[in-house]
file work-v9.cif (mmCIF, C-alpha atoms)
data_upload
loop_
_atom_site.label_atom_id
_atom_site.label_comp_id
_atom_site.auth_asym_id
_atom_site.auth_seq_id
_atom_site.Cartn_x
_atom_site.Cartn_y
_atom_site.Cartn_z
CA MET A 5 113.94 87.67 119.71
CA SER A 6 114.92 84.55 117.76
CA HIS A 7 111.88 82.54 118.85
CA GLU A 8 109.46 84.92 117.14
CA THR A 9 107.71 83.66 114.02
CA VAL A 10 104.90 84.86 111.78
CA GLY A 11 102.48 82.64 113.67
CA SER A 12 103.47 83.87 117.15
CA LEU A 13 103.27 87.54 116.14
CA LEU A 14 99.89 87.07 114.46
CA ALA A 15 98.65 85.43 117.66
CA ILE A 16 99.62 88.57 119.63
CA ILE A 17 97.73 90.74 117.15
CA ALA A 18 94.68 88.46 117.34
CA ASN A 19 94.67 88.70 121.13
CA SER A 20 94.78 92.49 120.96
CA LEU A 21 91.84 92.53 118.54
CA ASN A 22 89.87 90.14 120.74
CA ASP A 23 90.53 92.33 123.79
CA GLY A 24 89.27 95.41 121.96
CA LEU A 25 86.16 93.57 120.77
CA ARG A 26 85.46 92.22 124.24
CA ILE A 27 85.64 95.71 125.73
CA LEU A 28 83.13 97.10 123.22
CA MET A 29 80.78 94.11 123.31
CA PHE A 30 80.41 94.21 127.10
CA ALA A 31 80.28 97.99 127.38
CA ASP A 32 77.05 99.78 128.35
CA LYS A 33 75.33 100.49 125.02
CA ARG A 34 72.42 102.56 126.30
CA ALA A 35 74.13 105.85 125.48
CA TRP A 36 75.82 104.64 122.30
CA GLY A 37 75.62 106.55 119.06
CA SER A 38 76.57 105.75 115.48
CA ASP A 39 80.29 106.22 116.15
CA GLU A 40 80.38 103.48 118.79
CA PHE A 41 78.52 100.95 116.65
CA GLU A 42 80.70 101.80 113.64
CA GLN A 43 83.85 101.21 115.69
CA LEU A 44 82.52 97.83 116.83
CA ARG A 45 81.75 96.84 113.25
CA LEU A 46 85.22 97.82 112.04
CA LEU A 47 86.95 95.77 114.72
CA GLU A 48 84.81 92.73 113.85
CA GLU A 49 85.61 93.08 110.15
CA THR A 50 89.32 93.52 110.88
CA LEU A 51 89.41 90.31 112.87
CA ASP A 52 87.39 88.43 110.23
CA GLU A 53 89.70 89.56 107.43
CA ALA A 54 92.79 88.62 109.44
CA LYS A 55 91.35 85.13 110.03
CA LYS A 56 90.50 84.80 106.33
CA ASP A 57 94.04 85.74 105.30
CA PHE A 58 95.51 83.36 107.87
CA GLN A 59 93.41 80.50 106.47
CA GLU A 60 93.94 81.22 102.75
CA LEU A 61 97.53 82.48 102.43
CA PRO A 62 99.26 79.34 103.81
CA ALA A 63 97.73 77.33 100.96
CA LEU A 64 99.80 79.41 98.54
CA VAL A 65 103.10 78.38 100.16
CA ASN A 66 102.60 74.63 100.62
CA GLY A 67 100.90 74.68 103.97
CA ARG A 68 100.46 76.40 107.29
CA PHE A 69 103.63 74.95 108.81
CA TYR A 70 105.85 77.01 106.48
CA TYR A 71 103.71 80.12 106.90
CA GLU A 72 103.50 80.09 110.71
CA ASN A 73 107.19 79.35 111.21
CA ASP A 74 108.63 81.92 108.80
CA ARG A 75 111.59 83.67 110.38
CA ILE A 76 113.67 84.38 107.28
CA THR A 77 116.54 86.82 107.56
CA GLU A 78 116.87 89.01 104.49
CA ILE A 79 118.21 92.33 103.20
CA ALA A 80 115.30 94.72 102.75
CA TYR A 81 114.98 97.74 100.50
CA SER A 82 112.47 100.15 101.98
CA LEU A 83 110.07 101.66 99.46
CA PRO A 84 108.75 105.11 100.45
CA SER A 85 105.15 106.24 100.17
CA SER A 86 103.79 107.47 96.84
CA ALA A 87 104.13 111.14 97.77
CA THR A 88 107.72 110.72 98.98
CA LEU A 89 108.53 108.59 95.96
CA ILE A 90 107.30 111.25 93.53
CA GLU A 91 109.25 113.95 95.39
CA LYS A 92 112.48 111.96 95.25
CA LEU A 93 112.01 111.05 91.60
CA THR A 94 111.77 114.75 90.71
CA ASN A 95 114.76 115.66 92.88
CA LYS A 96 117.80 115.16 90.66
CA SER A 97 120.21 115.83 93.48
CA ASN A 98 118.96 112.76 95.38
CA PRO A 99 118.44 109.95 92.86
CA ASN A 100 118.52 107.19 95.45
CA ILE A 101 114.85 106.47 96.20
CA PHE A 102 115.47 103.37 98.27
CA SER A 103 116.97 102.98 101.71
CA LEU A 104 118.85 99.79 102.47
CA ARG A 105 118.23 98.13 105.80
CA THR A 106 120.10 95.01 106.85
CA VAL A 107 118.52 93.79 110.04
CA THR A 108 118.28 90.37 111.58
CA ASP A 109 114.77 88.92 111.19
CA GLU A 110 113.83 91.79 108.87
CA SER A 111 111.02 89.64 107.48
CA LEU A 112 109.24 89.89 110.85
CA GLU A 113 109.78 93.59 111.43
CA ASP A 114 106.46 94.63 109.89
CA LEU A 115 104.54 92.28 112.17
CA ARG A 116 106.50 93.39 115.23
CA VAL A 117 105.56 97.00 114.58
CA LEU A 118 101.94 96.00 114.02
CA CYS A 119 101.91 94.16 117.36
CA THR A 120 102.81 97.39 119.13
CA ARG A 121 100.32 99.43 117.12
CA PHE A 122 97.46 97.04 117.84
CA GLU A 123 98.32 96.92 121.54
CA LEU A 124 98.26 100.73 121.71
CA HIS A 125 95.00 100.78 119.75
CA THR A 126 93.41 98.38 122.23
CA GLN A 127 94.70 100.45 125.15
CA THR A 128 92.71 103.42 123.86
CA PHE A 129 89.51 101.39 124.25
CA LYS A 130 90.50 100.38 127.78
CA ASP A 131 91.02 104.04 128.71
CA TRP A 132 87.77 104.99 126.96
CA VAL A 133 85.60 102.49 128.82
CA ARG A 134 86.98 103.75 132.15
CA SER A 135 86.25 107.37 131.31
CA GLY A 136 82.67 106.78 130.16
CA ALA A 137 82.92 109.52 127.52
CA ALA A 138 81.78 109.32 123.90
CA ILE A 139 84.08 107.43 121.56
CA ASP A 140 86.52 109.40 119.45
CA PRO A 141 85.50 109.25 115.74
CA SER A 142 89.17 109.46 114.72
CA TRP A 143 89.73 105.93 115.98
CA ALA A 144 87.74 104.44 113.09
CA PRO A 145 90.21 105.60 110.37
CA GLU A 146 93.04 104.29 112.52
CA THR A 147 91.36 100.87 112.66
CA LEU A 148 90.97 100.89 108.87
CA GLU A 149 94.65 101.75 108.44
CA LEU A 150 95.70 98.96 110.79
CA ARG A 151 93.44 96.56 108.91
CA ARG A 152 95.08 97.39 105.56
CA ASP A 153 98.58 97.20 107.00
CA LEU A 154 97.89 93.82 108.60
CA HIS A 155 96.63 92.44 105.29
CA ARG A 156 99.73 93.69 103.49
CA ALA A 157 102.03 92.28 106.19
CA GLN A 158 100.48 88.83 105.85
CA CYS A 159 100.75 89.01 102.06
CA ARG A 160 104.41 89.98 102.29
CA ALA A 161 105.09 87.10 104.68
CA ALA A 162 103.60 84.67 102.16
CA ARG A 163 105.58 86.29 99.34
CA ARG A 164 108.86 85.91 101.24
CA ILE A 165 108.24 82.20 101.80
CA HIS A 166 107.26 81.72 98.16
CA ALA A 167 110.40 83.55 96.99
CA ALA A 168 112.60 81.38 99.22
CA GLN A 169 110.94 78.24 97.87
CA GLN A 170 111.52 79.42 94.30
CA VAL A 171 115.21 79.98 95.01
CA HIS A 172 115.60 76.41 96.26
CA SER A 173 113.51 74.85 93.47
CA THR A 174 114.90 76.85 90.51
CA THR A 175 118.31 75.86 89.21
CA GLY A 176 118.77 78.77 86.78
CA SER A 177 118.32 82.51 87.00
CA GLU A 178 114.79 82.49 85.56
CA ARG A 179 112.47 84.89 87.38
CA THR A 180 108.89 83.95 88.16
CA ARG A 181 105.73 85.98 88.59
CA CYS A 182 104.95 87.63 91.89
CA LEU A 183 102.84 85.49 94.20
CA GLY A 184 100.03 88.03 93.92
CA ALA A 185 100.26 87.92 90.13
CA LEU A 186 99.98 84.14 90.19
CA GLN A 187 96.60 84.36 91.92
CA VAL A 188 95.20 86.52 89.11
CA TYR A 189 96.97 84.41 86.48
CA ARG A 190 95.32 81.22 87.72
CA VAL A 191 91.88 82.83 87.68
CA GLN A 192 92.39 84.02 84.11
CA ALA A 193 93.51 80.54 83.05
CA ARG A 194 90.09 79.13 83.87
CA LYS A 195 87.58 78.64 81.10
CA ASP A 196 84.99 81.40 80.67
CA VAL A 197 86.15 83.39 83.69
CA ARG A 198 84.03 86.48 84.28
CA VAL A 199 85.37 89.98 84.62
CA GLU A 200 83.84 90.27 88.10
CA GLU A 201 86.06 87.39 89.24
CA GLU A 202 89.12 89.09 87.81
CA ARG A 203 88.31 92.36 89.57
CA GLU A 204 87.70 90.56 92.87
CA VAL A 205 91.03 88.75 92.87
CA CYS A 206 92.84 91.95 91.85
CA ALA A 207 91.27 93.74 94.82
CA GLN A 208 92.66 91.01 97.07
CA THR A 209 96.11 91.39 95.50
CA GLY A 210 96.59 95.15 95.81
CA ARG A 211 95.04 98.57 95.38
CA PHE A 212 94.86 101.42 92.88
CA GLU A 213 95.90 104.93 93.81
CA ARG A 214 96.68 108.24 92.14
CA PHE A 215 100.34 108.48 91.11
CA ALA A 216 101.72 111.98 90.48
CA GLU A 217 99.19 114.35 88.89
CA ARG A 218 98.11 112.42 85.80
CA ASP A 219 98.96 108.75 86.33
CA VAL A 220 97.25 105.86 88.09
CA ALA A 221 99.25 103.10 89.80
CA PHE A 222 98.43 99.62 91.06
CA VAL A 223 100.41 98.79 94.21
CA CYS A 224 100.83 95.07 94.87
CA ASP A 225 100.37 94.03 98.50
CA PHE A 226 102.69 91.05 98.02
CA CYS A 227 105.78 92.64 96.45
CA ASP A 228 105.15 96.40 97.01
CA GLY A 229 105.78 96.96 93.30
CA PHE A 230 104.06 99.59 91.16
CA LEU A 231 102.29 99.17 87.81
CA VAL A 232 101.73 102.63 86.33
CA TRP A 233 99.16 103.64 83.69
CA GLU A 234 100.28 107.01 82.34
CA ASP A 235 97.94 109.98 81.82
CA MET A 236 94.76 108.22 82.99
CA ARG A 237 91.70 109.67 84.69
CA ALA A 238 90.78 106.21 85.99
CA VAL A 239 91.63 102.61 85.15
CA PRO A 240 88.83 101.04 83.03
CA THR A 241 86.95 98.16 84.65
CA THR A 242 85.80 96.42 81.47
CA ARG A 243 87.42 95.26 78.26
CA LEU A 244 87.07 97.07 74.98
CA SER A 245 85.69 94.17 72.96
CA GLN A 246 82.53 92.37 73.91
CA PRO A 247 80.86 89.43 72.14
CA PRO A 248 78.39 90.61 69.49
CA VAL A 249 74.69 90.10 70.17
CA GLN A 250 73.28 87.26 68.12
CA THR A 251 70.32 88.22 65.97
CA GLN A 252 67.47 86.35 64.43
CA THR A 253 65.74 87.49 61.23
CA LEU A 254 62.04 86.76 60.86
CA PRO A 255 61.10 84.43 57.98
CA THR A 256 60.04 86.32 54.84
CA HIS A 257 56.98 84.18 54.25
CA ASN A 258 55.39 85.44 57.48
CA LEU A 259 55.67 89.12 56.55
CA ARG A 260 52.44 91.09 56.61
CA LEU A 261 51.98 94.57 55.20
CA ASP A 262 49.93 95.72 58.20
CA ILE A 263 52.69 95.00 60.75
CA PRO A 264 54.74 98.06 61.85
CA ASN A 265 58.30 98.27 60.57
CA SER A 266 59.66 98.23 64.14
CA ALA A 267 58.37 94.72 64.63
CA LEU A 268 60.26 93.49 61.57
CA ALA A 269 63.67 94.51 62.90
CA THR A 270 66.11 91.86 63.96
CA THR A 271 65.77 90.91 67.62
CA PRO A 272 68.31 89.43 70.06
CA THR A 273 67.98 85.73 70.78
CA PRO A 274 68.05 84.65 74.43
CA SER A 275 69.25 81.15 73.51
CA SER A 276 72.85 81.76 74.45
CA THR A 277 74.68 83.35 77.35
CA GLN A 278 77.84 85.36 76.92
CA SER A 279 81.08 85.35 78.78
CA ASN A 280 83.32 88.36 79.14
CA HIS A 281 85.93 86.95 76.79
CA GLY A 282 83.93 86.45 73.65
CA ASN A 283 82.80 82.86 74.18
CA THR A 284 79.21 81.80 73.69
CA ILE A 285 77.37 78.94 75.34
CA GLY A 286 74.64 77.36 73.31
CA PRO A 287 71.34 75.94 74.58
CA ASN A 288 72.82 72.43 74.70
CA GLY A 289 75.84 73.54 76.71
CA GLU A 290 78.15 73.46 73.70
CA THR A 291 80.82 76.16 73.68
CA ASP A 292 82.98 77.76 71.04
CA GLU A 293 86.74 77.51 71.37
CA PRO A 294 87.54 79.55 74.49
CA THR A 295 89.53 82.73 74.12
CA PRO A 296 92.19 83.16 76.86
CA ALA A 297 91.50 86.11 79.12
CA SER A 298 95.01 87.41 78.59
CA ALA A 299 94.54 87.51 74.78
CA ASN A 300 91.64 89.95 75.11
CA TRP A 301 93.81 92.65 76.65
CA GLN A 302 92.41 95.95 75.38
CA ALA A 303 90.40 98.45 77.42
CA ARG A 304 89.24 101.99 76.71
CA GLY A 305 90.25 104.72 79.16
CA ILE A 306 90.05 108.52 79.35
CA THR A 307 93.18 110.65 79.47
CA MET A 308 93.64 113.08 82.33
CA SER A 309 95.31 115.77 80.22
CA THR A 310 92.88 116.08 77.28
CA GLY A 311 89.83 114.01 78.23
CA GLU A 312 90.15 111.95 75.05
CA ALA A 313 89.64 108.21 74.84
CA LYS A 314 92.65 105.96 74.41
CA THR A 315 93.33 102.23 74.35
CA VAL A 316 95.23 100.77 77.32
CA VAL A 317 96.05 97.37 78.74
CA PHE A 318 93.18 95.95 80.79
CA ALA A 319 94.45 96.08 84.38
CA PRO A 320 93.97 92.38 85.37
CA VAL A 321 96.06 91.29 82.35
CA ALA A 322 99.03 93.39 83.49
CA ILE A 323 98.55 92.47 87.16
CA ALA A 324 98.45 88.74 86.34
CA ASN A 325 101.86 88.87 84.65
CA HIS A 326 103.96 91.25 86.75
CA LEU A 327 107.28 90.38 88.33
CA PRO A 328 108.52 91.61 91.71
CA PRO A 329 110.55 94.83 91.24
CA GLU A 330 114.27 94.41 90.90
CA ILE A 331 116.59 95.74 93.59
CA GLY A 332 116.75 99.52 93.31
CA GLU A 333 113.54 99.80 91.27
CA PHE A 334 109.95 100.50 92.25
CA GLN A 335 108.11 99.55 89.04
CA CYS A 336 107.28 95.95 88.26
CA ARG A 337 108.35 94.44 84.98
CA ILE A 338 105.78 92.40 83.06
CA LEU A 339 106.03 89.04 81.30
CA CYS A 340 104.11 88.55 78.06
CA PRO A 341 101.57 85.71 78.50
CA GLN A 342 101.38 85.19 74.73
CA CYS A 343 105.12 84.64 74.41
CA ASP A 344 104.84 82.05 77.18
CA GLU A 345 102.51 80.02 74.97
CA TYR A 346 104.35 80.55 71.67
CA TYR A 347 106.03 77.61 69.94
CA TYR A 348 107.99 77.49 66.70
CA GLU A 349 109.36 74.66 64.57
CA GLU A 350 112.96 74.06 63.65
CA GLN A 351 114.70 71.30 61.78
CA GLY A 352 115.64 68.34 63.93
CA ASP A 353 117.61 65.20 63.15
CA ASP A 354 114.81 63.51 61.21
CA ASP A 355 111.83 65.83 61.32
CA MET A 356 110.71 69.28 62.44
CA ASP A 357 110.86 69.78 66.20
CA ARG A 358 108.40 71.94 68.12
CA VAL A 359 110.36 74.34 70.31
CA ARG A 360 108.98 76.68 72.92
CA TYR A 361 109.93 80.33 72.52
CA MET A 362 111.98 81.64 75.44
CA GLN A 363 111.25 85.29 76.17
CA ASP A 364 113.51 87.57 78.21
CA ASP A 365 112.83 86.55 81.82
CA ARG A 366 113.43 90.15 82.95
CA GLY A 367 110.14 91.11 81.32
CA LEU A 368 109.00 94.39 79.83
CA GLU A 369 109.86 97.54 81.74
CA THR A 370 106.48 99.30 82.04
CA VAL A 371 102.79 98.92 81.27
CA LYS A 372 103.31 101.15 78.22
CA ALA A 373 106.15 98.94 76.95
CA PHE A 374 103.93 95.88 77.53
CA GLN A 375 101.17 97.45 75.43
CA GLU A 376 103.57 98.33 72.62
CA HIS A 377 104.88 94.76 72.63
CA LEU A 378 101.36 93.34 72.33
CA GLU A 379 100.49 95.72 69.51
CA TRP A 380 103.66 95.03 67.50
CA SER A 381 104.41 91.38 68.25
CA HIS A 382 100.90 89.99 68.63
CA ALA A 383 98.96 92.17 66.21
CA SER A 384 96.57 89.34 65.33
CA MET A 385 95.06 89.64 68.82
CA VAL A 386 94.07 93.28 68.29
CA PRO A 387 90.34 93.23 67.49
CA ASP A 388 88.68 95.27 64.77
CA SER A 389 87.29 98.36 66.49
CA SER A 390 84.34 98.44 64.08
CA SER A 391 82.91 95.30 65.67
CA CYS A 392 83.60 96.30 69.28
CA VAL A 393 81.16 97.64 71.79
CA VAL A 394 82.79 100.44 73.78
CA MET A 395 81.70 100.31 77.39
#
call {"tool": "encode", "arguments": {"input": "work-v9.cif", "output": "structure tokens"}}
result
Amino acid sequence: MSHETVGSLLAIIANSLNDGLRILMFADKRAWGSDEFEQLRLLEETLDEAKKDFQELPALVNGRFYYENDRITEIAYSLPSSATLIEKLTNKSNPNIFSLRTVTDESLEDLRVLCTRFELHTQTFKDWVRSGAAIDPSWAPETLELRRDLHRAQCRAARRIHAAQQVHSTTGSERTRCLGALQVYRVQARKDVRVEEEREVCAQTGRFERFAERDVAFVCDFCDGFLVWEDMRAVPTTRLSQPPVQTQTLPTHNLRLDIPNSALATTPTPSSTQSNHGNTIGPNGETDEPTPASANWQARGITMSTGEAKTVVFAPVAIANHLPPEIGEFQCRILCPQCDEYYYEEQGDDDMDRVRYMQDDRGLETVKAFQEHLEWSHASMVPDSSSCVVM
């Protein structure tokens, strides 16, 4: 129906959630067990997260008016699940891993399906309260699945609006970062951002999952693209290099022969606090020159095949710079944040002109190619491993 918008469909979903909550809240709780209370908690959290997304996502696309009234018609390429994707990639007789769907109001199809699913989910609670039986524990995983799908549908709606705005505002063919990547990119651009903040915003952008037998993939909720770390047991959660602990040596004129040797060792000074990117804050609030979060890109992971340690790209750095996958692809390409900030000088009419380096706007093909580019083109950023603390 042409009058349907993102806002109207989200309102239907919210009404279904409220109906389910109302049924459970006013039900007789005297015979309730842990399953009933767990189901009530999950419905409350699902509604709270949906409200949070509805309040925060419109700010990314210039306001709620554009978000609520999205009814864009587009050509959609359906990306299969990870298991189906792996099966098709290994099947040489069927190289086409995407299915093309051209449907009017395709941008609303996900929310339409979710409306039906939430209505059916609420109907199960209506039937349950009439029967008076114990609640079915299998309903809780279904609520969790609906919660994740609703979050992804709202993210995709915001991404579609952002992409349409970029098409109208960009005169050339330059590609921009995914809307989810921009959220991580802006956090990393702040001074002295902590790794916990990076992990939190990445968790709001997408999820990690096992890809094939040895790889780990990050799946973006906004663009449905994959970032793949090859042969990894798990993606590391901290960077390889950490700021060295400052030490203070005791004055030699206070040395006494009867003091144990252990008391003469250098001791850490508590006069400064450390950030996750190698910056130190002195007692007077003075800071060293901040190191960009994207420049400190190394992390130490464990391979799945041999169990040996290897250096990889720290996940938030790759996530913050990924592009939406091109048509017919499932992996996201990655822009180099260092090339974005690189300038060179060339001879002008009277003096040397400072010119910004223009990198290939298609980006680097994979996470591995991104790492090789950083190692070869920006070798000065690679820290000396002898002064690093391996987490």
call {"tool": "resolve_selection", "arguments": {"input": "work-v9.cif", "expression": "the PyMOL selection byres ((chain A and resi 121-135) around 12)", "output": "mmCIF file with C-alpha atoms, keeping the file's coordinate frame"}}
result
data_model
loop_
_atom_site.group_PDB
_atom_site.id
_atom_site.type_symbol
_atom_site.label_atom_id
_atom_site.label_comp_id
_atom_site.auth_asym_id
_atom_site.auth_seq_id
_atom_site.Cartn_x
_atom_site.Cartn_y
_atom_site.Cartn_z
ATOM 1 C CA LEU A 13 103.270 87.540 116.140
ATOM 2 C CA LEU A 14 99.890 87.070 114.460
ATOM 3 C CA ALA A 15 98.650 85.430 117.660
ATOM 4 C CA ILE A 16 99.620 88.570 119.630
ATOM 5 C CA ILE A 17 97.730 90.740 117.150
ATOM 6 C CA ALA A 18 94.680 88.460 117.340
ATOM 7 C CA ASN A 19 94.670 88.700 121.130
ATOM 8 C CA SER A 20 94.780 92.490 120.960
ATOM 9 C CA LEU A 21 91.840 92.530 118.540
ATOM 10 C CA ASN A 22 89.870 90.140 120.740
ATOM 11 C CA ASP A 23 90.530 92.330 123.790
ATOM 12 C CA GLY A 24 89.270 95.410 121.960
ATOM 13 C CA LEU A 25 86.160 93.570 120.770
ATOM 14 C CA ARG A 26 85.460 92.220 124.240
ATOM 15 C CA ILE A 27 85.640 95.710 125.730
ATOM 16 C CA LEU A 28 83.130 97.100 123.220
ATOM 17 C CA MET A 29 80.780 94.110 123.310
ATOM 18 C CA PHE A 30 80.410 94.210 127.100
ATOM 19 C CA ALA A 31 80.280 97.990 127.380
ATOM 20 C CA ASP A 32 77.050 99.780 128.350
ATOM 21 C CA LYS A 33 75.330 100.490 125.020
ATOM 22 C CA TRP A 36 75.820 104.640 122.300
ATOM 23 C CA GLU A 40 80.380 103.480 118.790
ATOM 24 C CA GLN A 43 83.850 101.210 115.690
ATOM 25 C CA LEU A 44 82.520 97.830 116.830
ATOM 26 C CA LEU A 47 86.950 95.770 114.720
ATOM 27 C CA THR A 50 89.320 93.520 110.880
ATOM 28 C CA LEU A 51 89.410 90.310 112.870
ATOM 29 C CA ASP A 114 106.460 94.630 109.890
ATOM 30 C CA LEU A 115 104.540 92.280 112.170
ATOM 31 C CA ARG A 116 106.500 93.390 115.230
ATOM 32 C CA VAL A 117 105.560 97.000 114.580
ATOM 33 C CA LEU A 118 101.940 96.000 114.020
ATOM 34 C CA CYS A 119 101.910 94.160 117.360
ATOM 35 C CA THR A 120 102.810 97.390 119.130
ATOM 36 C CA GLY A 136 82.670 106.780 130.160
ATOM 37 C CA ALA A 137 82.920 109.520 127.520
ATOM 38 C CA ALA A 138 81.780 109.320 123.900
ATOM 39 C CA ILE A 139 84.080 107.430 121.560
ATOM 40 C CA ASP A 140 86.520 109.400 119.450
ATOM 41 C CA SER A 142 89.170 109.460 114.720
ATOM 42 C CA TRP A 143 89.730 105.930 115.980
ATOM 43 C CA ALA A 144 87.740 104.440 113.090
ATOM 44 C CA PRO A 145 90.210 105.600 110.370
ATOM 45 C CA GLU A 146 93.040 104.290 112.520
ATOM 46 C CA THR A 147 91.360 100.870 112.660
ATOM 47 C CA LEU A 148 90.970 100.890 108.870
ATOM 48 C CA GLU A 149 94.650 101.750 108.440
ATOM 49 C CA LEU A 150 95.700 98.960 110.790
ATOM 50 C CA ARG A 151 93.440 96.560 108.910
ATOM 51 C CA ASP A 153 98.580 97.200 107.000
ATOM 52 C CA LEU A 154 97.890 93.820 108.600
#
call {"tool": "atom_distance", "arguments": {"input": "work-v9.cif", "atom1": "atom CA of A:Val232", "atom2": "atom CA of A:Leu244"}}
result
19.4 Å
call {"tool": "residues_around", "arguments": {"input": "work-v9.cif", "residues": "A:Arg337", "least_positions_apart": "4", "cutoff": "10 Å", "atoms": "only C-alpha atoms", "output": "PyMOL selection string"}}
result
chain A and resi 181+229-231+322+325-330+333+365-371+373-374
call {"tool": "resolve_selection", "arguments": {"input": "work-v9.cif", "expression": "the PyMOL selection byres ((chain A and resi 309) around 12)", "output": "ChimeraX atom specification"}}
result
/A:217-219,234-237,306-308,310-314
call {"tool": "residues_near_point", "arguments": {"input": "work-v9.cif", "point": "(98.9, 90.5, 93.2)", "cutoff": "6 Å", "atoms": "only C-alpha atoms", "output": "PyMOL selection string"}}
result
chain A and resi 184-185+209-210+224
call {"tool": "write_last_selection", "arguments": {"input": "work-v9.cif", "atoms": "C-alpha atoms", "output": "JSON list (two decimals), in the coordinates of the input"}}
result
[["chain", "number", "residue", "atom", "x", "y", "z"],
["A", 184, "GLY", "CA", 100.03, 88.03, 93.92],
["A", 185, "ALA", "CA", 100.26, 87.92, 90.13],
["A", 209, "THR", "CA", 96.11, 91.39, 95.50],
["A", 210, "GLY", "CA", 96.59, 95.15, 95.81],
["A", 224, "CYS", "CA", 100.83, 95.07, 94.87]]
call {"tool": "closest_residue", "arguments": {"input": "work-v9.cif", "among": "A:Glu379, A:Asp57, A:Glu200, A:Asp228", "to": "A:Cys336", "atoms": "all atoms listed in the file"}}
result
A:Asp228
call {"tool": "atom_distance", "arguments": {"input": "work-v9.cif", "atom1": "atom CA of A:Thr315", "atom2": "atom CA of A:Ser298"}}
result
15.5 Å
call {"tool": "atom_distance", "arguments": {"input": "work-v9.cif", "atom1": "atom CA of A:Glu60", "atom2": "atom CA of A:Arg164"}}
result
15.7 Å
call {"tool": "residues_around", "arguments": {"input": "work-v9.cif", "residues": "A:Glu213", "least_positions_apart": "6", "cutoff": "8 Å", "atoms": "only C-alpha atoms", "output": "PyMOL selection string"}}
result
chain A and resi 220-223
